[in-house]
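K.L.:
Right, I'll just put the structure down here and ask away after.
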Amino acid sequence: MPVKNFEMVTIDARRFSKSGEKHTNIRIDHNSSITQIVEINDKEASIDYRFTANYTGIGVIKIEGRIVFEGEAAEIAHMWATEHKMPDDVANQIHGAIMSNCLPEAVILARDIRLPPPIPMPQVKVGGQQEKKSQPSTGIEVA
């Protein structure tokens, strides 16, 4: 796996609602974004990231950190500097690593500040074709 090192640098969790308030239909949005990519050497790049779990109007969890990625560091850093993009396979690996490491931490933080857990884990897929939506069934539904 090209992710050589993963570290969390900043963790911020806030609840905006008062304790005991009841909320229904809470929307939880997950987001991982890359803030900077710097070439360390020919084979390694340092990638700064930000993970956010936003509980619309109720609270927010933010985690920032750094990943050391092994691969074509010069190509990735140059592409980021010029286009703010990464190759799709690299982006899938990076965002997958961010979600799989930050989401468990966000679940623990949510418990500590009494927010619902931000799960299930979202699936990360960058680029490629969108899945076709299934056609509605004309048959009967049996339980």
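How things are named: the first chain in the structure tokens is A, the next is B, and so on; residues count from 1 in each chain; ligands count from 1 in the order shown.
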Would you give me, as CSV, each residue of region 46-118 of chain A having an atom within 6 Å of an atom of region 21-32 of chain A, along with its shortest atom pair and that distance in Å to one decimal, using only C-alpha atoms and sorting by chain and residue number?
P.N.:
residue,atom,partner,partner_atom,distance
A:Arg50,CA,A:Ser32,CA,5.6
A:Phe51,CA,A:Ser32,CA,4.4
A:Thr52,CA,A:Asn31,CA,5.2
A:Ala53,CA,A:His30,CA,4.6
A:Asn54,CA,A:Asp29,CA,5.1
A:Tyr55,CA,A:Ile28,CA,4.7
A:Thr56,CA,A:Arg27,CA,5.9
K.L.:
Any idea what's packed within 10 Å of Leu109 (chain A), counting only C-alpha atoms, ignoring anything in its chain fewer than 3 positions away? Could you give it as a PDB file with C-alpha atoms, in the first residue's frame?
P.N.:
ATOM      1  CA  ILE A  11      -8.823  17.426  16.079  1.00  0.00           C
ATOM      2  CA  ASP A  12     -11.822  19.715  16.655  1.00  0.00           C
ATOM      3  CA  ALA A  13     -15.288  18.535  17.731  1.00  0.00           C
ATOM      4  CA  ARG A  14     -18.176  20.884  18.537  1.00  0.00           C
ATOM      5  CA  ILE A  61     -16.085  17.218  13.731  1.00  0.00           C
ATOM      6  CA  LEU A 103     -14.045   7.844  10.687  1.00  0.00           C
ATOM      7  CA  PRO A 104     -13.339   5.605  13.724  1.00  0.00           C
ATOM      8  CA  GLU A 105     -11.850   8.621  15.512  1.00  0.00           C
ATOM      9  CA  ALA A 106     -14.928  10.673  14.584  1.00  0.00           C
ATOM     10  CA  ASP A 112     -17.765  12.054  23.779  1.00  0.00           C
ATOM     11  CA  ILE A 113     -19.718  15.174  22.802  1.00  0.00           C
ATOM     12  CA  ARG A 114     -23.047  13.320  22.514  1.00  0.00           C
ATOM     13  CA  LEU A 115     -23.621  13.420  18.776  1.00  0.00           C
ATOM     14  CA  PRO A 116     -24.862  10.442  16.746  1.00  0.00           C
ATOM     15  CA  PRO A 117     -22.055   8.344  15.252  1.00  0.00           C
ATOM     16  CA  PRO A 118     -21.138   9.416  11.713  1.00  0.00           C
TER      17      PRO A 118
END
K.L.:
With distances taken over only C-alpha atoms, which residue among A:Ala74, A:Ile58, A:Ile40, A:Ala97 lies nearest Ala110 (chain A)?
P.N.:
A:Ile58
K.L.:
Mind checking which residues fall within 12 Å of Phe6 (chain A), counting only C-alpha atoms, ignoring those fewer than 4 positions away in the same chain, and posting them as a list in words?
P.N.:
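Contacts, with the query itself left out: Pro2, Ser46, Ile47, Asp48, Tyr49, Glu64, Gly65, Arg66, Ile67, Val68, Phe69, Glu70, Ile94, His95, Gly96, Ala97, Ile98, Met99, Ser100, Asn101 and Cys102 of chain A.
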K.L.:
Any chance you can output those residues with N, CA and C atoms as a short mmCIF file (atom, residue, chain, number, x, y, z; two decimals), in the first residue's frame?
P.N.:
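Output file out03.cif is given in full below:
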data_model
loop_
_atom_site.label_atom_id
_atom_site.label_comp_id
_atom_site.auth_asym_id
_atom_site.auth_seq_id
_atom_site.Cartn_x
_atom_site.Cartn_y
_atom_site.Cartn_z
N PRO A 2 0.66 2.16 -0.89
CA PRO A 2 1.51 3.34 -1.01
C PRO A 2 1.42 4.35 0.14
N SER A 46 4.43 14.41 0.71
CA SER A 46 3.69 14.73 1.93
C SER A 46 2.36 15.35 1.51
N ILE A 47 1.27 14.77 1.99
CA ILE A 47 -0.07 15.21 1.61
C ILE A 47 -0.81 15.65 2.86
N ASP A 48 -1.20 16.93 2.91
CA ASP A 48 -1.99 17.45 4.01
C ASP A 48 -3.46 17.28 3.67
N TYR A 49 -4.25 16.85 4.66
CA TYR A 49 -5.66 16.57 4.42
C TYR A 49 -6.53 17.21 5.50
N GLU A 64 -7.55 17.25 10.93
CA GLU A 64 -6.54 17.60 9.93
C GLU A 64 -5.28 16.80 10.22
N GLY A 65 -4.54 16.51 9.17
CA GLY A 65 -3.32 15.74 9.36
C GLY A 65 -2.48 15.66 8.12
N ARG A 66 -1.59 14.67 8.13
CA ARG A 66 -0.60 14.54 7.07
C ARG A 66 -0.41 13.06 6.73
N ILE A 67 -0.24 12.80 5.45
CA ILE A 67 0.02 11.45 4.95
C ILE A 67 1.33 11.48 4.17
N VAL A 68 2.17 10.48 4.36
CA VAL A 68 3.34 10.30 3.51
C VAL A 68 2.98 9.21 2.52
N PHE A 69 3.02 9.56 1.24
CA PHE A 69 2.60 8.67 0.17
C PHE A 69 3.80 8.25 -0.65
N GLU A 70 3.96 6.93 -0.89
CA GLU A 70 5.03 6.42 -1.73
C GLU A 70 4.51 6.22 -3.14
N ILE A 94 -5.71 7.67 -1.33
CA ILE A 94 -5.55 8.72 -0.31
C ILE A 94 -6.86 8.95 0.43
N HIS A 95 -7.95 9.17 -0.31
CA HIS A 95 -9.24 9.43 0.35
C HIS A 95 -9.75 8.20 1.10
N GLY A 96 -9.47 7.02 0.60
CA GLY A 96 -9.81 5.80 1.33
C GLY A 96 -9.06 5.70 2.65
N ALA A 97 -7.77 6.05 2.63
CA ALA A 97 -6.97 6.04 3.87
C ALA A 97 -7.48 7.08 4.86
N ILE A 98 -7.86 8.25 4.36
CA ILE A 98 -8.38 9.31 5.23
C ILE A 98 -9.67 8.82 5.90
N MET A 99 -10.60 8.30 5.11
CA MET A 99 -11.88 7.85 5.67
C MET A 99 -11.69 6.69 6.65
N SER A 100 -10.87 5.71 6.29
CA SER A 100 -10.72 4.54 7.15
C SER A 100 -9.98 4.85 8.44
N ASN A 101 -9.18 5.92 8.48
CA ASN A 101 -8.49 6.29 9.71
C ASN A 101 -9.25 7.33 10.52
N CYS A 102 -9.91 8.27 9.85
CA CYS A 102 -10.57 9.37 10.55
C CYS A 102 -11.97 9.01 11.03
#
K.L.:
Report as a list in words all protein, DNA and RNA residues lying within 6 Å of Lys43 (chain A), evaluated on only C-alpha atoms, omitting residues in the same chain fewer than 6 positions from it.
P.N.:
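In the requested form, the answer reads Glu70, Gly71, Glu72 and Ala73 of chain A.
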K.L.:
So that I can see what lies close to Asn92 (chain A), please list as a short mmCIF file (atom, residue, chain, number, x, y, z; two decimals) with N, CA and C atoms, in the first residue's frame the residues with an atom at most 7 Å from it, counting only C-alpha atoms and leaving out residues fewer than 6 positions away in the same chain.
P.N.:
data_model
loop_
_atom_site.label_atom_id
_atom_site.label_comp_id
_atom_site.auth_asym_id
_atom_site.auth_seq_id
_atom_site.Cartn_x
_atom_site.Cartn_y
_atom_site.Cartn_z
N VAL A 124 -15.65 5.58 -1.16
CA VAL A 124 -14.91 6.58 -1.91
C VAL A 124 -14.61 6.03 -3.29
N LYS A 125 -15.01 6.78 -4.32
CA LYS A 125 -14.69 6.41 -5.69
C LYS A 125 -14.49 7.70 -6.47
N VAL A 126 -13.28 7.90 -6.94
CA VAL A 126 -12.95 9.12 -7.68
C VAL A 126 -12.83 8.78 -9.15
#
K.L.:
Separation of CA of Met79 (chain A) and CA of Ala91 (chain A), in Å?
P.N.:
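The value is 12.0 Å.
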K.L.:
Which residues in chain A does DSSP call strand (DSSP E or B)? List them as a PyMOL selection string.
P.N.:
chain A and resi 3-15+28-39+44-55+59-70
K.L.:
Write a file of the just-selected residues containing C-alpha atoms, as a tab-separated table (two decimals), in the first residue's frame.
P.N.:
chain	number	residue	atom	x	y	z
A	3	VAL	CA	0.37	5.16	2.17
A	4	LYS	CA	3.55	4.94	4.22
A	5	ASN	CA	2.62	7.13	7.21
A	6	PHE	CA	-0.65	8.59	8.50
A	7	GLU	CA	-0.88	11.16	11.27
A	8	MET	CA	-3.56	13.37	12.76
A	9	VAL	CA	-2.37	16.87	13.66
A	10	THR	CA	-5.54	18.73	14.68
A	11	ILE	CA	-8.82	17.43	16.08
A	12	ASP	CA	-11.82	19.71	16.65
A	13	ALA	CA	-15.29	18.54	17.73
A	14	ARG	CA	-18.18	20.88	18.54
A	15	ARG	CA	-21.83	20.41	19.41
A	28	ILE	CA	-24.49	13.93	8.46
A	29	ASP	CA	-22.18	14.91	5.59
A	30	HIS	CA	-18.65	13.43	5.34
A	31	ASN	CA	-15.93	15.16	3.39
A	32	SER	CA	-12.24	14.55	2.93
A	33	SER	CA	-10.16	17.10	1.08
A	34	ILE	CA	-6.53	17.57	0.23
A	35	THR	CA	-5.08	20.95	1.21
A	36	GLN	CA	-1.48	20.58	0.04
A	37	ILE	CA	0.90	18.14	-1.65
A	38	VAL	CA	4.67	18.60	-1.36
A	39	GLU	CA	7.36	16.37	-2.81
A	44	GLU	CA	7.65	10.21	-1.37
A	45	ALA	CA	5.14	13.05	-1.16
A	46	SER	CA	3.69	14.73	1.93
A	47	ILE	CA	-0.07	15.21	1.61
A	48	ASP	CA	-1.99	17.45	4.01
A	49	TYR	CA	-5.66	16.57	4.42
A	50	ARG	CA	-8.84	17.70	6.16
A	51	PHE	CA	-11.69	15.38	7.18
A	52	THR	CA	-15.04	16.86	8.17
A	53	ALA	CA	-18.22	15.26	9.52
A	54	ASN	CA	-20.87	17.99	9.46
A	55	TYR	CA	-24.07	17.48	11.44
A	59	GLY	CA	-22.38	20.04	15.34
A	60	VAL	CA	-19.18	19.41	13.43
A	61	ILE	CA	-16.08	17.22	13.73
A	62	LYS	CA	-12.90	18.28	11.92
A	63	ILE	CA	-9.65	16.35	11.72
A	64	GLU	CA	-6.54	17.60	9.93
A	65	GLY	CA	-3.32	15.74	9.36
A	66	ARG	CA	-0.60	14.54	7.07
A	67	ILE	CA	0.02	11.45	4.95
A	68	VAL	CA	3.34	10.30	3.51
A	69	PHE	CA	2.60	8.67	0.17
A	70	GLU	CA	5.03	6.42	-1.73
K.L.:
Could you tell me how far CA of Glu75 (chain A) sits from CA of Pro87 (chain A), in Å to one decimal place?
P.N.:
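Taking CA of Pro87 (chain A) and CA of Glu75 (chain A), their separation equals 9.3 Å.
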K.L.:
I'd like to know which residues of chain A are alpha helix (DSSP H) (by DSSP, run on the backbone); could you write them as a VMD selection string?
P.N.:
chain A and resid 73 to 83 88 to 112
K.L.:
For CA of Ser17 (chain A) and CA of Val107 (chain A), determine how far apart the two atoms are, in Å to one decimal place.
P.N.:
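Taking CA of Ser17 (chain A) and CA of Val107 (chain A), their separation equals 17.8 Å.
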K.L.:
Considering only C-alpha atoms, state which residue in the set A:Ala77, A:Val90, A:Ile119, A:Ile108 is at the smallest distance from Asp42 (chain A).
P.N.:
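Once distances to Asp42 (chain A) are computed over only C-alpha atoms, the minimum belongs to A:Ala77.
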